[in-house]
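This is entry35.tsv. It holds TSV, C-alpha atoms.
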```tsv
chain	number	residue	atom	x	y	z
F	1	MET	CA	-5.63	21.60	24.15
F	2	PRO	CA	-4.67	18.27	25.79
F	3	THR	CA	-1.17	17.14	25.02
F	4	SER	CA	0.69	14.22	26.52
F	5	ALA	CA	-1.89	13.70	29.26
F	6	GLU	CA	-4.31	10.83	28.88
F	7	ARG	CA	-7.52	11.83	27.15
F	8	PRO	CA	-10.63	9.83	26.23
F	9	SER	CA	-10.64	8.03	22.91
F	10	ALA	CA	-13.33	5.59	21.86
F	11	GLU	CA	-15.48	6.40	24.88
F	12	GLY	CA	-14.27	4.30	27.77
F	13	PHE	CA	-11.10	3.25	25.94
F	14	PRO	CA	-8.34	5.47	27.41
F	15	GLN	CA	-5.52	6.39	25.13
F	16	ALA	CA	-2.43	8.55	25.41
F	17	SER	CA	-2.06	11.45	22.98
F	18	THR	CA	1.36	12.88	22.18
F	19	ASP	CA	2.26	16.50	21.56
F	20	GLN	CA	3.35	15.61	18.04
F	21	GLU	CA	0.08	13.90	17.25
F	22	GLU	CA	-1.95	16.85	18.51
F	23	ARG	CA	0.07	19.19	16.30
F	24	GLU	CA	-0.48	16.98	13.27
F	25	ILE	CA	-4.21	16.75	13.92
F	26	GLN	CA	-4.46	20.51	14.32
F	27	ALA	CA	-2.48	21.07	11.11
F	28	GLU	CA	-4.75	18.66	9.22
F	29	ARG	CA	-7.85	20.47	10.47
F	30	GLU	CA	-6.40	23.76	9.32
F	31	ARG	CA	-5.55	22.28	5.92
F	32	LEU	CA	-9.11	21.01	5.49
F	33	GLY	CA	-10.69	24.16	6.89
F	34	LEU	CA	-12.42	22.28	9.72
F	35	ASP	CA	-13.89	24.24	12.61
F	36	PRO	CA	-12.68	22.56	15.83
F	37	GLU	CA	-16.00	23.49	17.44
F	38	ARG	CA	-18.09	21.85	14.70
F	39	LEU	CA	-16.27	18.70	13.69
F	40	PRO	CA	-18.50	16.34	11.66
F	41	LEU	CA	-17.63	13.24	13.69
F	42	ALA	CA	-17.33	14.84	17.11
F	43	GLY	CA	-17.99	12.29	19.83
F	44	ARG	CA	-18.49	9.42	17.40
F	45	THR	CA	-16.74	6.12	18.11
F	46	VAL	CA	-15.43	4.34	15.01
F	47	LEU	CA	-13.99	0.83	15.08
F	48	LEU	CA	-11.29	0.11	12.50
F	49	THR	CA	-10.79	-3.59	11.85
F	50	ARG	CA	-7.07	-3.26	11.18
F	51	SER	CA	-3.83	-3.77	13.04
F	52	PRO	CA	-2.00	-0.65	14.29
F	53	ASP	CA	0.72	-0.83	11.61
F	54	ARG	CA	-1.94	-0.66	8.86
F	55	ALA	CA	-4.37	1.80	10.42
F	56	GLN	CA	-2.29	4.85	11.26
F	57	ALA	CA	-3.37	7.15	8.41
F	58	MET	CA	-7.04	6.19	8.72
F	59	ASN	CA	-6.89	6.51	12.49
F	60	GLN	CA	-5.50	10.02	12.34
F	61	ALA	CA	-7.86	11.15	9.57
F	62	LEU	CA	-10.82	10.14	11.73
F	63	LYS	CA	-9.38	12.00	14.72
F	64	ALA	CA	-8.95	15.14	12.61
F	65	HIS	CA	-12.70	15.04	11.97
F	66	GLY	CA	-13.48	14.61	15.67
F	67	ALA	CA	-13.99	10.84	15.86
F	68	ASN	CA	-12.76	8.59	18.65
F	69	PRO	CA	-11.23	5.64	16.78
F	70	ALA	CA	-10.45	2.23	18.24
F	71	LEU	CA	-8.71	-0.67	16.54
F	72	LEU	CA	-9.81	-4.28	16.36
F	73	PRO	CA	-7.21	-6.38	14.48
F	74	LEU	CA	-9.18	-9.20	12.89
F	75	ILE	CA	-6.92	-10.47	10.14
F	76	ASP	CA	-3.16	-10.71	9.74
F	77	PHE	CA	-0.74	-11.99	7.13
F	78	GLU	CA	1.80	-14.78	7.15
F	79	ALA	CA	4.62	-15.80	4.86
F	80	VAL	CA	4.09	-18.58	2.35
F	81	ASP	CA	5.61	-22.01	2.95
F	82	GLU	CA	7.77	-21.83	-0.18
F	83	PRO	CA	8.80	-18.22	-0.88
F	84	SER	CA	11.18	-19.51	-3.55
F	85	VAL	CA	8.16	-19.95	-5.86
F	86	LEU	CA	7.35	-16.24	-5.65
F	87	VAL	CA	11.02	-15.25	-5.91
F	88	ASP	CA	11.41	-17.39	-9.01
F	89	SER	CA	8.38	-15.74	-10.62
F	90	VAL	CA	9.84	-12.30	-9.91
F	91	ASP	CA	13.11	-13.40	-11.52
F	92	ARG	CA	11.16	-14.54	-14.58
F	93	ALA	CA	9.44	-11.15	-14.75
F	94	ILE	CA	12.83	-9.43	-14.59
F	95	ALA	CA	14.12	-11.72	-17.36
F	96	GLY	CA	11.25	-10.73	-19.66
F	97	GLU	CA	9.15	-13.88	-19.46
F	98	TYR	CA	6.09	-11.85	-18.46
F	99	ASP	CA	4.57	-8.84	-20.23
F	100	TRP	CA	2.66	-7.66	-17.17
F	101	LEU	CA	2.95	-7.81	-13.41
F	102	VAL	CA	-0.48	-7.27	-11.86
F	103	VAL	CA	-0.40	-6.27	-8.18
F	104	SER	CA	-3.66	-7.09	-6.46
F	105	SER	CA	-3.20	-5.52	-3.00
F	106	ILE	CA	-0.92	-3.42	-0.84
F	107	THR	CA	-0.14	-6.54	1.20
F	108	THR	CA	1.10	-8.12	-2.04
F	109	VAL	CA	3.50	-5.18	-2.33
F	110	ARG	CA	4.78	-5.94	1.18
F	111	ALA	CA	5.29	-9.60	0.32
F	112	LEU	CA	7.09	-8.78	-2.93
F	113	VAL	CA	9.41	-6.32	-1.20
F	114	GLN	CA	10.14	-8.77	1.62
F	115	TYR	CA	10.91	-11.74	-0.60
F	116	ALA	CA	12.65	-9.91	-3.43
F	117	GLY	CA	15.21	-8.04	-1.35
F	118	SER	CA	16.70	-4.71	-2.34
F	119	GLU	CA	18.81	-5.85	-5.30
F	120	ARG	CA	16.08	-7.93	-6.93
F	121	TRP	CA	13.52	-5.15	-6.33
F	122	LYS	CA	15.84	-2.64	-8.02
F	123	ALA	CA	16.18	-5.00	-10.98
F	124	LEU	CA	12.40	-5.28	-11.14
F	125	THR	CA	12.03	-1.49	-11.28
F	126	GLU	CA	14.42	-1.45	-14.26
F	127	ALA	CA	12.84	-4.41	-16.10
F	128	ALA	CA	10.69	-4.11	-19.20
F	129	VAL	CA	7.67	-5.76	-17.57
F	130	ARG	CA	4.68	-3.42	-17.35
F	131	VAL	CA	2.87	-3.04	-14.06
F	132	ALA	CA	-0.85	-2.79	-13.39
F	133	THR	CA	-2.58	-2.51	-10.05
F	134	ILE	CA	-6.11	-2.30	-8.72
F	135	GLY	CA	-6.37	1.31	-7.64
F	136	PRO	CA	-4.90	4.70	-6.78
F	137	THR	CA	-3.61	3.81	-3.32
F	138	SER	CA	-1.54	0.84	-4.44
F	139	ARG	CA	-0.35	2.85	-7.45
F	140	VAL	CA	1.04	5.60	-5.24
F	141	ILE	CA	2.83	3.11	-3.01
F	142	LEU	CA	4.37	1.19	-5.92
F	143	GLU	CA	5.58	4.37	-7.58
F	144	ARG	CA	7.08	5.64	-4.33
F	145	LEU	CA	9.00	2.37	-4.28
F	146	GLY	CA	10.32	3.08	-7.78
F	147	LEU	CA	8.04	0.77	-9.77
F	148	ALA	CA	6.29	2.67	-12.55
F	149	VAL	CA	2.62	1.76	-12.97
F	150	THR	CA	1.18	1.66	-16.48
F	151	LEU	CA	-2.43	0.89	-15.66
F	152	ALA	CA	-4.66	1.46	-12.61
F	153	PRO	CA	-8.22	2.67	-12.08
F	154	GLU	CA	-8.41	6.20	-10.73
F	155	ASP	CA	-11.74	6.15	-8.93
F	156	GLN	CA	-11.83	2.81	-7.13
F	157	GLN	CA	-9.58	0.15	-5.62
F	158	SER	CA	-10.93	-3.09	-7.05
F	159	ALA	CA	-10.35	-5.90	-9.49
F	160	GLU	CA	-13.46	-4.85	-11.38
F	161	GLY	CA	-12.05	-1.36	-11.83
F	162	LEU	CA	-8.85	-2.70	-13.38
F	163	LEU	CA	-10.70	-5.12	-15.65
F	164	ALA	CA	-12.87	-2.26	-16.94
F	165	LEU	CA	-9.70	-0.55	-18.17
F	166	TRP	CA	-7.96	-3.62	-19.57
F	167	THR	CA	-7.76	-3.78	-23.36
F	168	GLY	CA	-4.82	-6.06	-24.15
F	169	GLN	CA	-4.91	-9.72	-25.13
F	170	GLY	CA	-2.30	-12.37	-25.82
F	171	HIS	CA	-0.16	-11.18	-22.91
F	172	ARG	CA	1.72	-13.24	-20.34
F	173	ILE	CA	0.67	-12.00	-16.90
F	174	LEU	CA	2.11	-12.65	-13.45
F	175	LEU	CA	-0.49	-12.25	-10.71
F	176	PRO	CA	0.83	-12.65	-7.14
F	177	GLN	CA	-2.00	-12.64	-4.62
F	178	ALA	CA	-3.36	-13.88	-1.29
F	179	ASP	CA	-4.11	-17.52	-0.75
F	180	ILE	CA	-7.81	-16.67	-0.35
F	181	ALA	CA	-7.98	-14.26	-3.29
F	182	GLY	CA	-11.12	-14.42	-5.39
F	183	THR	CA	-11.07	-15.39	-9.04
F	184	VAL	CA	-12.62	-12.23	-10.48
F	185	LEU	CA	-9.29	-10.73	-11.54
F	186	SER	CA	-7.56	-13.86	-12.82
F	187	GLU	CA	-10.63	-15.12	-14.69
F	188	GLY	CA	-11.33	-11.68	-16.10
F	189	LEU	CA	-7.80	-11.37	-17.48
F	190	ARG	CA	-7.99	-14.88	-18.95
F	191	ALA	CA	-11.39	-14.13	-20.47
F	192	ALA	CA	-9.77	-11.14	-22.19
F	193	GLY	CA	-7.43	-13.55	-23.98
F	194	ASN	CA	-4.35	-13.52	-21.77
F	195	THR	CA	-2.23	-16.19	-20.08
F	196	VAL	CA	-2.26	-15.68	-16.31
F	197	ASP	CA	0.07	-17.31	-13.79
F	198	THR	CA	-1.24	-16.89	-10.24
F	199	VAL	CA	1.27	-17.23	-7.40
F	200	THR	CA	0.44	-17.19	-3.70
F	201	ALA	CA	2.32	-14.27	-2.13
F	202	TYR	CA	1.00	-14.53	1.43
F	203	HIS	CA	-1.55	-16.23	3.66
F	204	THR	CA	-4.45	-14.36	5.27
F	205	VAL	CA	-5.04	-15.60	8.82
F	206	ASP	CA	-6.99	-14.64	11.91
F	207	ALA	CA	-5.11	-12.09	13.97
F	208	PRO	CA	-2.60	-12.38	15.39
F	209	ALA	CA	-0.26	-14.12	12.96
F	210	ARG	CA	2.31	-16.49	14.37
F	211	PRO	CA	5.37	-14.38	15.18
F	212	GLU	CA	7.72	-16.67	13.29
F	213	ARG	CA	5.51	-16.55	10.15
F	214	ARG	CA	4.21	-12.99	10.16
F	215	LEU	CA	5.12	-10.75	7.24
F	216	THR	CA	7.84	-8.66	8.82
F	217	ILE	CA	8.40	-5.96	6.20
F	218	GLU	CA	6.79	-2.63	6.99
F	219	LEU	CA	6.55	0.02	4.31
F	220	GLY	CA	7.99	3.27	5.62
F	221	ARG	CA	6.03	6.44	6.33
F	222	SER	CA	7.55	8.09	3.24
F	223	VAL	CA	5.98	5.30	1.17
F	224	THR	CA	2.58	4.93	2.82
F	225	GLY	CA	2.02	8.56	3.77
F	226	ALA	CA	1.17	7.52	7.34
F	227	PRO	CA	1.42	10.20	10.02
F	228	LYS	CA	4.56	10.54	12.12
F	229	ALA	CA	2.69	9.65	15.29
F	230	SER	CA	-0.67	8.05	15.86
F	231	SER	CA	-1.91	6.76	19.21
F	232	TYR	CA	-4.69	4.23	19.35
F	233	ALA	CA	-6.76	1.99	21.56
F	234	VAL	CA	-6.71	-1.71	20.62
F	235	LEU	CA	-9.74	-3.80	21.58
F	236	SER	CA	-10.23	-7.53	21.88
F	237	PRO	CA	-13.15	-9.10	19.99
F	238	GLU	CA	-14.92	-9.63	23.33
F	239	HIS	CA	-14.52	-5.99	24.32
F	240	ALA	CA	-15.68	-4.79	20.89
F	241	ARG	CA	-18.71	-7.10	20.93
F	242	GLU	CA	-19.69	-5.83	24.38
F	243	ALA	CA	-19.21	-2.21	23.30
F	244	ASP	CA	-21.45	-2.75	20.26
F	245	ALA	CA	-24.12	-4.50	22.33
F	246	HIS	CA	-24.25	-1.51	24.69
F	247	GLY	CA	-24.42	1.06	21.89
F	248	ARG	CA	-20.92	2.41	22.43
F	249	LEU	CA	-19.82	1.95	18.82
F	250	ASP	CA	-21.19	4.21	16.10
F	251	ALA	CA	-19.52	2.67	13.06
F	252	VAL	CA	-17.41	-0.33	12.08
F	253	VAL	CA	-15.06	-0.02	9.09
F	254	ALA	CA	-13.93	-3.06	7.08
F	255	ALA	CA	-11.20	-2.71	4.47
F	256	SER	CA	-11.50	-6.05	2.66
F	257	PRO	CA	-13.93	-8.91	2.05
F	258	SER	CA	-11.94	-11.05	4.48
F	259	ALA	CA	-12.32	-8.34	7.13
F	260	ALA	CA	-16.09	-8.35	6.54
F	261	ARG	CA	-16.13	-12.11	7.11
F	262	ALA	CA	-14.09	-11.68	10.28
F	263	VAL	CA	-16.52	-9.04	11.56
F	264	VAL	CA	-19.39	-11.52	11.29
F	265	GLU	CA	-17.33	-14.33	12.83
F	266	ARG	CA	-16.11	-12.25	15.79
F	267	LEU	CA	-18.90	-9.69	16.34
F	268	GLY	CA	-21.94	-11.37	14.79
F	269	ASP	CA	-24.25	-10.32	11.97
F	270	ALA	CA	-26.56	-8.18	14.12
F	271	LEU	CA	-24.37	-5.11	14.52
F	272	GLN	CA	-25.87	-2.07	16.16
F	273	ALA	CA	-23.07	0.08	14.74
F	274	ARG	CA	-23.24	1.22	11.13
F	275	PHE	CA	-21.13	-0.92	8.80
F	276	VAL	CA	-18.86	0.97	6.38
F	277	ALA	CA	-17.05	-0.78	3.51
F	278	ILE	CA	-13.85	0.44	1.87
F	279	GLY	CA	-15.08	-0.59	-1.58
F	280	PRO	CA	-17.67	-2.49	-3.61
F	281	SER	CA	-16.16	-5.97	-3.17
F	282	THR	CA	-16.14	-5.57	0.62
F	283	ALA	CA	-19.69	-4.25	0.53
F	284	ALA	CA	-20.85	-7.17	-1.62
F	285	GLU	CA	-19.32	-9.71	0.75
F	286	ALA	CA	-20.84	-7.97	3.78
F	287	GLU	CA	-24.29	-8.02	2.22
F	288	ARG	CA	-23.88	-11.68	1.28
F	289	LEU	CA	-23.18	-12.37	4.95
F	290	GLY	CA	-26.32	-10.56	6.05
F	291	LEU	CA	-24.83	-7.25	7.18
F	292	THR	CA	-26.51	-3.97	6.31
F	293	VAL	CA	-24.00	-1.72	4.56
F	294	ALA	CA	-24.56	1.88	5.59
F	295	ALA	CA	-21.97	3.40	3.25
F	296	VAL	CA	-19.24	2.50	0.77
F	297	ALA	CA	-16.14	4.65	0.40
F	298	ALA	CA	-15.95	6.33	-3.00
F	299	THR	CA	-12.16	6.08	-2.85
F	300	PRO	CA	-10.07	3.66	-0.73
F	301	THR	CA	-8.18	6.45	1.01
F	302	PRO	CA	-8.31	7.76	4.58
F	303	GLN	CA	-10.38	10.74	3.42
F	304	GLY	CA	-12.63	8.42	1.43
F	305	ILE	CA	-13.24	6.36	4.55
F	306	VAL	CA	-13.93	9.49	6.61
F	307	ASP	CA	-16.46	10.72	4.05
F	308	ALA	CA	-18.17	7.31	4.07
F	309	VAL	CA	-18.37	7.26	7.87
F	310	ILE	CA	-19.86	10.76	7.86
F	311	ALA	CA	-22.44	9.63	5.30
F	312	ALA	CA	-23.24	6.48	7.28
F	313	LEU	CA	-23.85	8.42	10.48
F	314	ARG	CA	-25.80	11.25	8.91
F	315	ASP	CA	-29.28	11.28	10.45
```
Written form, structure tokens:
Amino acid sequence: MPTSAERPSAEGFPQASTDQEEREIQAERERLGLDPERLPLAGRTVLLTRSPDRAQAMNQALKAHGANPALLPLIDFEAVDEPSVLVDSVDRAIAGEYDWLVVSSITTVRALVQYAGSERWKALTEAAVRVATIGPTSRVILERLGLAVTLAPEDQQSAEGLLALWTGQGHRILLPQADIAGTVLSEGLRAAGNTVDTVTAYHTVDAPARPERRLTIELGRSVTGAPKASSYAVLSPEHAREADAHGRLDAVVAASPSAARAVVERLGDALQARFVAIGPSTAAEAERLGLTVAAVAATPTPQGIVDAVIAALRD
């Protein structure tokens, strides 16, 4: 078994593999009962449109199934111009002015943690405000950070999934979200008879974010469940476009509607690789842009993505 020597990853994209990573991959294969000689994604090159800090778990899950992942950071996140607006809304939630805090993304969690600070976050975990979020992944992360979640869909990570569960009306709701967030969630909650205050928590920008504005908080491995070590190859848009044109990419994974838009902007709408979406909203945006969606993850988890890639590449 190769250890710290350089081995091929994403054919033609050399990448160093550490002893620790190899042990973790082997342990994961044993846990899943995978035969190292018959891995379902053996030799397949999968492009993840995420930055390294947000792709570790997905990267390693693909490797465990035999894939050669490469990363193409397309979007990044910057701080808002006036964080005091978000901080003030959190203080109002702590003081009982809101009945619900609805968390619309994991990046929103990062922004809340960064702006709130440890003392304010602790006060939020002890406040009476109820918390809802859009899916199982964000629920796990919030609860690992001490914030109990009252409502979240179990089988999908989407605004539509949360709205399908929502039954209350007459509530005061705080909804921090991205500057480019759609209106499905806010309008759906208002249509159900609630008062919704939307607050911009962060800006979505083309990667890379400006260093002085980039969201700096990183959720620890104990919170995200990311592997201890995960090596990766990072491609430029030009390199990725060339690789796709020459048939060296088998699949491209997008984890948000904004990532789907960035794929079209940077790689074009005539992908040779199979396009895989993390959920229905990403798939809908990709199809609106003219991409053919080969598979949609049933759950927005690393294993859900792996299963979708396997389905997309099944002949």
Please report, as a Markdown table, each residue of range 54-161 of chain F lying at most 12 Å from range 280-298 of chain F, together with the nearest pair of atoms and the separation in Å rounded to one decimal; use all atoms listed in the file, and order rows by chain and ascending residue number.
```
| residue | atom | partner | partner_atom | distance |
| --- | --- | --- | --- | --- |
| F:Gly135 | CA | F:Ala298 | CA | 11.8 |
| F:Pro136 | CA | F:Ala298 | CA | 11.8 |
| F:Glu154 | CA | F:Ala298 | CA | 10.8 |
| F:Asp155 | CA | F:Ala298 | CA | 7.3 |
| F:Gln156 | CA | F:Ala298 | CA | 6.8 |
| F:Gln157 | CA | F:Pro280 | CA | 8.7 |
| F:Ser158 | CA | F:Ser281 | CA | 7.1 |
| F:Ala159 | CA | F:Ser281 | CA | 8.6 |
| F:Glu160 | CA | F:Ser281 | CA | 8.7 |
| F:Gly161 | CA | F:Pro280 | CA | 10.0 |
```
In Å, rounded to a single decimal, give me how far CA of Arg172 in chain F is from CA of Leu112 in chain F.
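Rounded to one decimal, the two atoms are 18.8 Å apart.
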Please report the interatomic distance between CA of Ala132 in chain F and CA of Ala79 in chain F in Å with one decimal.
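Distance between the two atoms: 23.1 Å.
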Mind giving me the axis-aligned box for range 285-304 of chain F with 5 Å on every side, centre plus edges in Å to one decimal, as lines of an AutoDock Vina configuration file?
```
center_x = -17.3
center_y = -0.8
center_z = 2.1
size_x = 28.3
size_y = 33.1
size_z = 20.2
```
Between F:Ala312, F:Ala273, F:Ala233, F:Val196, single out the one closest to Leu249 in chain F, counting only C-alpha atoms.
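Going through F:Ala312, F:Ala273, F:Ala233, F:Val196 one by one, the smallest distance to Leu249 in chain F is for F:Ala273.
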Please provide as a list in words all residues within 10 Å of Ile106 in chain F, with the sequence filter that same-chain residues fewer than 5 positions apart are discarded (counting all atoms listed in the file).
Ala111, Leu112, Thr133, Ile134, Gly135, Thr137, Ser138, Arg139, Ile141, Leu142, Leu219 and Thr224 of chain F
Using all atoms listed in the file, determine which residues lie at most 9 Å from Leu271 in chain F, disregarding the query and same-chain residues fewer than 6 positions distant; provide the list as a VMD selection string.
chain F and resid 241 244 to 245 252 264 291 to 292
Print the selection's residues with C-alpha atoms to a file, as a PDB file, in the coordinates of the input.
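Dumped to again18.pdb:
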```pdb
ATOM      1  CA  ARG F 241     -18.710  -7.100  20.930  1.00  0.00           C
ATOM      2  CA  ASP F 244     -21.450  -2.750  20.260  1.00  0.00           C
ATOM      3  CA  ALA F 245     -24.120  -4.500  22.330  1.00  0.00           C
ATOM      4  CA  VAL F 252     -17.410  -0.330  12.080  1.00  0.00           C
ATOM      5  CA  VAL F 264     -19.390 -11.520  11.290  1.00  0.00           C
ATOM      6  CA  LEU F 291     -24.830  -7.250   7.180  1.00  0.00           C
ATOM      7  CA  THR F 292     -26.510  -3.970   6.310  1.00  0.00           C
TER       8      THR F 292
END
```
Enter the distance from CA of Gly43 in chain F to CA of Pro300 in chain F, in Å, rounded to one decimal.
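According to the coordinates, CA of Gly43 in chain F and CA of Pro300 in chain F are separated by 23.7 Å.
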Leaving out range 202-204 of chain F and any residue of its chain fewer than 3 positions from it, which residues lie within 10 Å of it when counting all atoms listed in the file, given as an mmCIF file with C-alpha atoms, in the frame of the given file?
```cif
data_model
loop_
_atom_site.group_PDB
_atom_site.id
_atom_site.type_symbol
_atom_site.label_atom_id
_atom_site.label_comp_id
_atom_site.auth_asym_id
_atom_site.auth_seq_id
_atom_site.Cartn_x
_atom_site.Cartn_y
_atom_site.Cartn_z
ATOM 1 C CA ILE F 75 -6.920 -10.470 10.140
ATOM 2 C CA ASP F 76 -3.160 -10.710 9.740
ATOM 3 C CA PHE F 77 -0.740 -11.990 7.130
ATOM 4 C CA GLU F 78 1.800 -14.780 7.150
ATOM 5 C CA ALA F 79 4.620 -15.800 4.860
ATOM 6 C CA VAL F 80 4.090 -18.580 2.350
ATOM 7 C CA ASP F 81 5.610 -22.010 2.950
ATOM 8 C CA PRO F 83 8.800 -18.220 -0.880
ATOM 9 C CA LEU F 86 7.350 -16.240 -5.650
ATOM 10 C CA THR F 107 -0.140 -6.540 1.200
ATOM 11 C CA THR F 108 1.100 -8.120 -2.040
ATOM 12 C CA ARG F 110 4.780 -5.940 1.180
ATOM 13 C CA ALA F 111 5.290 -9.600 0.320
ATOM 14 C CA LEU F 112 7.090 -8.780 -2.930
ATOM 15 C CA PRO F 176 0.830 -12.650 -7.140
ATOM 16 C CA GLN F 177 -2.000 -12.640 -4.620
ATOM 17 C CA ALA F 178 -3.360 -13.880 -1.290
ATOM 18 C CA ASP F 179 -4.110 -17.520 -0.750
ATOM 19 C CA ILE F 180 -7.810 -16.670 -0.350
ATOM 20 C CA ALA F 181 -7.980 -14.260 -3.290
ATOM 21 C CA VAL F 199 1.270 -17.230 -7.400
ATOM 22 C CA ALA F 207 -5.110 -12.090 13.970
ATOM 23 C CA ALA F 209 -0.260 -14.120 12.960
ATOM 24 C CA ARG F 213 5.510 -16.550 10.150
ATOM 25 C CA ARG F 214 4.210 -12.990 10.160
ATOM 26 C CA LEU F 215 5.120 -10.750 7.240
ATOM 27 C CA SER F 258 -11.940 -11.050 4.480
#
```
For a quick check of understanding, using all atoms listed in the file, which of F:Leu101, F:Ala255, F:Leu189, F:Ile305 has the smallest distance to Gln60 in chain F?
F:Ile305
Within 9 Å of Ala251 in chain F, counting all atoms listed in the file, which residues qualify if same-chain residues fewer than 4 places away don't, as JSON, numbers by chain?
{"F": [44, 45, 46, 47, 48, 272, 273, 274, 275, 276, 309, 312, 313]}
Keeping only C-alpha atoms, write the selected residues to a file as a short mmCIF file (atom, residue, chain, number, x, y, z; two decimals), keeping the file's coordinate frame.
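File written: part-v4.cif
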```
data_model
loop_
_atom_site.label_atom_id
_atom_site.label_comp_id
_atom_site.auth_asym_id
_atom_site.auth_seq_id
_atom_site.Cartn_x
_atom_site.Cartn_y
_atom_site.Cartn_z
CA ARG F 44 -18.49 9.42 17.40
CA THR F 45 -16.74 6.12 18.11
CA VAL F 46 -15.43 4.34 15.01
CA LEU F 47 -13.99 0.83 15.08
CA LEU F 48 -11.29 0.11 12.50
CA GLN F 272 -25.87 -2.07 16.16
CA ALA F 273 -23.07 0.08 14.74
CA ARG F 274 -23.24 1.22 11.13
CA PHE F 275 -21.13 -0.92 8.80
CA VAL F 276 -18.86 0.97 6.38
CA VAL F 309 -18.37 7.26 7.87
CA ALA F 312 -23.24 6.48 7.28
CA LEU F 313 -23.85 8.42 10.48
#
```
Non-local contacts of Pro237 in chain F (10 Å; all atoms listed in the file; under 6 positions in same chain excluded) as JSON, numbers by chain
{"F": [72, 73, 74, 243, 263, 265, 266, 267]}
F:Leu175, F:Leu151, F:Ala123, F:Ala93 ranked by distance to Ser105 in chain F, top pick (using all atoms listed in the file)
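With all atoms listed in the file as the atom set, the closest residue is F:Leu175.
Proximity ranking of F:Val306, F:Val103, F:Ala127, F:Ala67 relative to Thr200 in chain F places F:Val103 first, based on only C-alpha atoms.
Between Thr183 in chain F and the residues F:Val129, F:Gln20, F:Leu235, F:Ser104, the shortest atom-to-atom distance, using all atoms listed in the file, involves F:Ser104.
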From the coordinates supplied, range 265-276 of chain F should be written with N, CA and C atoms, as a short mmCIF file (atom, residue, chain, number, x, y, z; two decimals), in the first residue's frame.
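In the end it all went to result-v5.cif:
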```
data_model
loop_
_atom_site.label_atom_id
_atom_site.label_comp_id
_atom_site.auth_asym_id
_atom_site.auth_seq_id
_atom_site.Cartn_x
_atom_site.Cartn_y
_atom_site.Cartn_z
N GLU F 265 -20.44 29.18 -15.45
CA GLU F 265 -19.64 30.37 -15.74
C GLU F 265 -18.18 30.02 -16.02
N ARG F 266 -17.64 29.06 -15.26
CA ARG F 266 -16.20 28.76 -15.35
C ARG F 266 -15.90 27.61 -16.32
N LEU F 267 -16.80 26.62 -16.40
CA LEU F 267 -16.52 25.44 -17.22
C LEU F 267 -17.40 25.33 -18.45
N GLY F 268 -18.47 26.12 -18.50
CA GLY F 268 -19.38 26.06 -19.65
C GLY F 268 -20.54 25.13 -19.40
N ASP F 269 -21.52 25.17 -20.28
CA ASP F 269 -22.73 24.36 -20.10
C ASP F 269 -22.72 23.10 -20.96
N ALA F 270 -21.56 22.77 -21.53
CA ALA F 270 -21.46 21.56 -22.36
C ALA F 270 -20.48 20.57 -21.72
N LEU F 271 -20.70 20.27 -20.47
CA LEU F 271 -19.81 19.36 -19.76
C LEU F 271 -19.81 17.98 -20.38
N GLN F 272 -18.63 17.39 -20.49
CA GLN F 272 -18.55 15.98 -20.84
C GLN F 272 -18.73 15.12 -19.61
N ALA F 273 -18.27 15.61 -18.46
CA ALA F 273 -18.41 14.86 -17.22
C ALA F 273 -19.87 14.85 -16.79
N ARG F 274 -20.23 13.84 -16.01
CA ARG F 274 -21.59 13.76 -15.47
C ARG F 274 -21.74 14.77 -14.33
N PHE F 275 -22.85 15.49 -14.34
CA PHE F 275 -23.11 16.49 -13.30
C PHE F 275 -23.93 15.88 -12.19
N VAL F 276 -23.45 16.02 -10.95
CA VAL F 276 -24.12 15.46 -9.78
C VAL F 276 -24.47 16.60 -8.83
#
```
